[in-house]
Structures are given as C-alpha cells and as structure tokens.
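A.B. asks: First the structure, then my questions, so here it is.
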Amino acid sequence: MDKMDKLPLLEQISADGLCAGCGLCASVSAGSARMALDGAGYLRPTLLQPLTRAQERLVEQVCPGIGLAHAPSDVAYDALWGPLRAVRVGHAEDAQLRHAGSSGGVLSALLAYLLETGQVDYVLHIGASDSEPLHNEIKLSRNRADVLAAAGSRYAPSAPLSGIDALLAQPGRFAFVGKPCDVAALRQYARHQPLVAEKVAYMLSFMCAGVPSMEGTYAILDRVGVARRDVRRFAYRGNGWPGMTRVETHDGKVSEIDYATSWGTILNRHLQARCKICPDGTGEFADVVCADAWYGKDGYPDFSEQQGRSLILSRNDHGEALLHACVAAGYLAMQALPVAEIAKMQPYQRNRKEMVWSRLMALRVMGRATPRYRQLRLLRTASMGGVVANARNFLGMVKRLTLTSKKTGNN
Ligand SMILES: Cc1cc2nc3c(=O)[nH]c(=O)nc-3n(C[C@H](O)[C@H](O)[C@H](O)COP(=O)(O)OP(=O)(O)OC[C@H]3O[C@@H](n4cnc5c(N)ncnc54)[C@H](O)[C@@H]3O)c2cc1C
C-alpha cells in the first residue's frame, strides 16, 4: 500500500476505501478492534486500543483489502478464471437443499456431506441473525438442518473471520464458507498461522459481484413499504432459482420482489468501494467455488425461474477430490462444462477482471492508496478487455475519485 502514515493502520485501510469487511483484523488484534457497522452501512473494524506493531505487521501481510497474492501452485491458471482444476455445472441431489440454495444448493450439499460423513465437526459460515433478521451473523452449523437454515445468499455485509482465532484455538475441524475476500484472507493467514491448516478442512466460496451496504437492504424495505422494526424474516433469494427477495413481517404480511429488480436495480447500487477494484470476484483462493450457472437468453443471463443449477469450479486436487466423493456418496450431481462457457454465465466477473488494472492505474495517478495484487495476471486480462474499454474505466474511476470525498471511507 502506498499511503499508510496518517491514521492507525486499520482506520487508514477503511479511510482509503480498501477494507473488504472480512473481520480477520479484528480477530488477530486480540480484542483491540471489533467489527461494527459504520455510518454508510458497511462492516468495518473499530479500534478499541492501538494494535501492537507485531499485530500491524500481521495485518499488513494478511488483509485482503490491501493485498492479494497466490502461493506457487501446479494448477493451470486461467487469466480470467484463476486456478482451474475442473469446471462443471451441477446441483445438490437433496431436493430441499437444491431448492433452498441460492443457485443449485451445491455449497450446502458439500457441507451436509462433510458433516454427515464426520469429516468436519462443524461448518463456519454466515446466516441471518436470530435476533436481528436484517443482519448477518456467524453460524456454526453442526448438521444438515443447520446448513439448510443458512442456505441462500445474503447480500449484505458479513465478517465471518471476526472470531476465527477463538475457533482455531478450540478442538474440532471445520469447513469454512465465505466470500472470495474472506477465503483469500484465511488462505493468506494460513501462511502465518499453522492452526489454519490443522483446523480448517476446506475453504469454500462463491463468486461475488460485491457486497452491498445495509442501505441496499433498507432500500428494498422502502420499495415494498415495510418498516425495519416490522421485519420478522428477510431472504434475498433462494427457495427457487434465482428465487424471490422475500420480506415477512411480524403480523404475517409477505412482500416479494424478483431477483432482477432487487439485485439489478437496488442492491448493486450500494456496493462497497473495494469491490469495484476486486480482482478476485471468482474465489481464486478457495478449494471449491460455486456460482450461478445461468442459462443464456438473447446473449444475456436469463433470470426466469428454473430448477437450481450451479457453476462449480474446483481449484486444486483437494477440492476436486471432495467433489468426486460427494458425487459417489449421492450428495451431488455434476457434469463437465467447457471453460469458454463460464464467460456467458458470468459476464460481470469477466468484465471486472478485465478492467481492474485500469481502475488501479487511476487510483495510482490520483495519488490514492492502491492494493498490491500479485500473480493475478491483471495486465493480461486488461489486454483482453481492449484499449477503449480500459480507457473508459480509467477515466470513469478518475472522475469518481474527483467527485467523492475521501473522508467517507468509500472513495
Ligand atoms: C454478496 C454476494 C455477491 C454474489 N455475487 C455473485 C456473482 O456475481 N455471481 C454469482 O454467480 N454468484 C454470486 N453470488 C453467489 C450466489 O448467489 C450463490 O451463493 C452461489 O451460486 C452458491 O450457490 P449455492 O446454491 O451453491 O449456495 P447455497 O447452498 O445457497 O449456500 C450459500 C452459502 O453461502 C454462505 N453465504 C451466504 N451469504 C453470505 C455472505 N454475505 N457472506 C458469507 N457467506 C455467505 C451461506 O452461509 C451458505 O453456506 C453472490 C453472493 C453474495 C452473498
């Protein structure tokens, strides 16, 4: 990072608009920081006391907001899609998990398999808070019913690593599910903390277009005319594919809006700044990553309701072996997919990886803090995106930086 000298490290990362909100810094700072929603509705570390120099050095090495670097690997690296061991589409064989899941319920199927075969003692992932249904909280799932309850995407801030050190210190092996930045953080932390390899059996992720602030959720409530205090349950999607955004109130009223409206016209207007310069929307650091395997219609992903189907990428031998074992045990159905098909299902991810380099150059030119990304082939993907699109993105970023205040932490 270029500019780290004005505020305490964690506050500087947030002020620079680089915090991804994963929560790892809160955990490794051993009580000196905790995650809390900021005024803009994102989860950010709040300093309770200064970090030691050793804690700061560790944060500088592991924070995914300020840097991402792959370890050397034998797996073939696709410039757009990262390390690819195999590419498939598939779905959970358990019809309930498939229906409840965001796309094909594959992540939930993998988790159910790992729990029911005793390969992990529990799963660390995210679900709706039991006490505040609009907010996310960490879930430690120990059986299929727990996994089912946490299935489905939650398009709001989550900090699944905020208590990771306490869990690493306890007995029990677990599977971890998080956003790509959460998994990248944990993978980078594993280079410094041997307990990660000992306790974390699998790291699973999903493709991520960015984390909307809580303001996105509140805007959905405004759209359906429901007050925050009246909400009993809030599901962003799932229960079908893509499934409806569904709000239930304490007095039994149900309001729904479709995915194309809730994600495409509301939530995606509230994405955190760091997500716009994310080179890893596709979960390159995970063992297995899942995404929506949209069918195409008129050259675009088709969001009409269908039976759930996931895109499934294994990123190493460990993940690949898990997928085969799940199929053999009857938890998962899958079939091969040519790599070239991914871009048709995930045009946003392709576009962002092609444009990240020019956006980073804009940050540099404007004298802003710029994350260090290594071994992500960003110059190569920029060349794939073409000069005109890159120039537009460069200028667009310069304009945005000029217009927005750095003080918001969302520049
Ligand atoms: C913020 C966000 C952005 C996304 N962007 C894309 C995208 O660009 N393209 C795409 O194809 N898919 C995207 N998805 C993922 C997609 O919606 C599905 O989650 C993915 O296809 C996996 O589906 P599944 O049926 O296998 O998962 P499920 O079986 O439904 O399991 C989902 C798992 O994800 C975990 N989870 C849900 N929300 C969060 C969260 N906020 N933070 C951490 N963990 C969470 C749950 O705990 C659960 O274990 C996004 C999801 C989120 C939360």
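Identifiers for the structure tokens are assigned positionally: chains receive A, B, ... in sequence, residues are indexed from 1 per chain, and ligands are indexed from 1 in the order shown.
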Can you list, as a list in words, every protein, DNA or RNA residue that comes within 8 Å of Val177 (chain A) when you count only C-alpha atoms, leaving out same-chain residues fewer than 6 positions away?
C.D. replies: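 Listing them by chain and then by number gives Val123, Leu124, His125, Ile126, Val183, Met203, Leu204 and Ser205 of chain A.
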A.B. asks: I need the residues from that last selection saved to file as a short mmCIF file (atom, residue, chain, number, x, y, z; two decimals), in the first residue's frame (with C-alpha atoms), if you can.
C.D. replies:
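The resulting file, result_26.cif, is shown below:
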```cif
data_model
loop_
_atom_site.label_atom_id
_atom_site.label_comp_id
_atom_site.auth_asym_id
_atom_site.auth_seq_id
_atom_site.Cartn_x
_atom_site.Cartn_y
_atom_site.Cartn_z
CA VAL A 123 -19.13 -25.51 9.48
CA LEU A 124 -18.25 -21.84 9.93
CA HIS A 125 -20.45 -19.75 7.66
CA ILE A 126 -23.00 -16.93 7.56
CA VAL A 183 -11.32 -17.02 1.80
CA MET A 203 -12.27 -23.41 2.21
CA LEU A 204 -15.34 -22.94 0.03
CA SER A 205 -16.55 -19.82 -1.70
#
```
A.B. asks: Identify all residues of region 23-252 of chain A in alpha helix (DSSP H) (DSSP on the backbone) and supply them as number ranges by chain.
C.D. replies: A: 24-28, 53-62, 95-100, 106-116, 144-149, 164-169, 180-190, 195-199, 214-224
A.B. asks: Counting only C-alpha atoms and all ligand atoms, name the residues that have an atom within 6 Å of an atom of ligand 1; the answer should be given as a PyMOL selection string.
C.D. replies: chain A and resi 101-108+125-127+150-158+177-179+206-211+290-292+310
A.B. asks: Restricting the calculation to only C-alpha atoms, which member of A:Gln272, A:Ser358, A:Ser29, A:Gln306 is positioned closest to Gly65 (chain A)?
C.D. replies: A:Gln272
A.B. asks: To one decimal place, how far is CA of Leu68 (chain A) from CA of Tyr373 (chain A) in Å?
C.D. replies: 4.9 Å
A.B. asks: Using only C-alpha atoms, which protein or nucleic acid residues come within 12 Å of Asp130 (chain A)? Drop anything in the same chain fewer than 5 positions from it, and give the result as a ChimeraX atom specification.
C.D. replies: /A:135-139,149-150,232-234
A.B. asks: Go ahead and write the selection's residues with N, CA and C atoms as a PDB file, in the first residue's frame.
C.D. replies:
```pdb
ATOM      1  N   HIS A 135     -29.799  -8.460   9.701  1.00  0.00           N
ATOM      2  CA  HIS A 135     -28.344  -8.517   9.763  1.00  0.00           C
ATOM      3  C   HIS A 135     -27.832  -9.938   9.629  1.00  0.00           C
ATOM      4  N   ASN A 136     -26.573 -10.044   9.214  1.00  0.00           N
ATOM      5  CA  ASN A 136     -25.920 -11.349   9.122  1.00  0.00           C
ATOM      6  C   ASN A 136     -25.177 -11.642  10.411  1.00  0.00           C
ATOM      7  N   GLU A 137     -25.022 -12.935  10.695  1.00  0.00           N
ATOM      8  CA  GLU A 137     -24.172 -13.312  11.814  1.00  0.00           C
ATOM      9  C   GLU A 137     -23.464 -14.625  11.500  1.00  0.00           C
ATOM     10  N   ILE A 138     -22.417 -14.881  12.248  1.00  0.00           N
ATOM     11  CA  ILE A 138     -21.658 -16.124  12.074  1.00  0.00           C
ATOM     12  C   ILE A 138     -22.484 -17.282  12.589  1.00  0.00           C
ATOM     13  N   LYS A 139     -22.527 -18.351  11.796  1.00  0.00           N
ATOM     14  CA  LYS A 139     -23.223 -19.573  12.207  1.00  0.00           C
ATOM     15  C   LYS A 139     -22.212 -20.708  12.298  1.00  0.00           C
ATOM     16  N   ALA A 149     -30.779 -24.177   7.115  1.00  0.00           N
ATOM     17  CA  ALA A 149     -31.256 -22.893   7.647  1.00  0.00           C
ATOM     18  C   ALA A 149     -30.385 -21.726   7.174  1.00  0.00           C
ATOM     19  N   ALA A 150     -29.110 -21.992   6.881  1.00  0.00           N
ATOM     20  CA  ALA A 150     -28.206 -20.904   6.459  1.00  0.00           C
ATOM     21  C   ALA A 150     -28.016 -20.862   4.949  1.00  0.00           C
ATOM     22  N   ARG A 232     -39.803  -9.750  10.286  1.00  0.00           N
ATOM     23  CA  ARG A 232     -39.579 -10.999  11.029  1.00  0.00           C
ATOM     24  C   ARG A 232     -38.554 -11.881  10.303  1.00  0.00           C
ATOM     25  N   ARG A 233     -38.638 -11.924   8.972  1.00  0.00           N
ATOM     26  CA  ARG A 233     -37.678 -12.695   8.170  1.00  0.00           C
ATOM     27  C   ARG A 233     -37.376 -11.937   6.894  1.00  0.00           C
ATOM     28  N   PHE A 234     -36.125 -12.027   6.451  1.00  0.00           N
ATOM     29  CA  PHE A 234     -35.734 -11.353   5.211  1.00  0.00           C
ATOM     30  C   PHE A 234     -34.835 -12.303   4.441  1.00  0.00           C
TER      31      PHE A 234
END
```
A.B. asks: Could you pull the residues within 10 Å of region 257-262 of chain A, counting only C-alpha atoms, minus those fewer than 2 positions along the same chain, as a PyMOL selection string?
C.D. replies: chain A and resi 216-217+219-220+223-224+236-238+241-247+255+264-268+302-305
A.B. asks: Please compute the CA of Asp230 (chain A)-CA of Ser213 (chain A) distance, one decimal, in Å.
C.D. replies: 20.0 Å
A.B. asks: Under the rule that only C-alpha atoms are counted, which of A:His70, A:Arg274, A:Arg315, A:Lys399 is the nearest residue to Ala86 (chain A)?
C.D. replies: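 With only C-alpha atoms as the atom set, the closest residue is A:Arg315.
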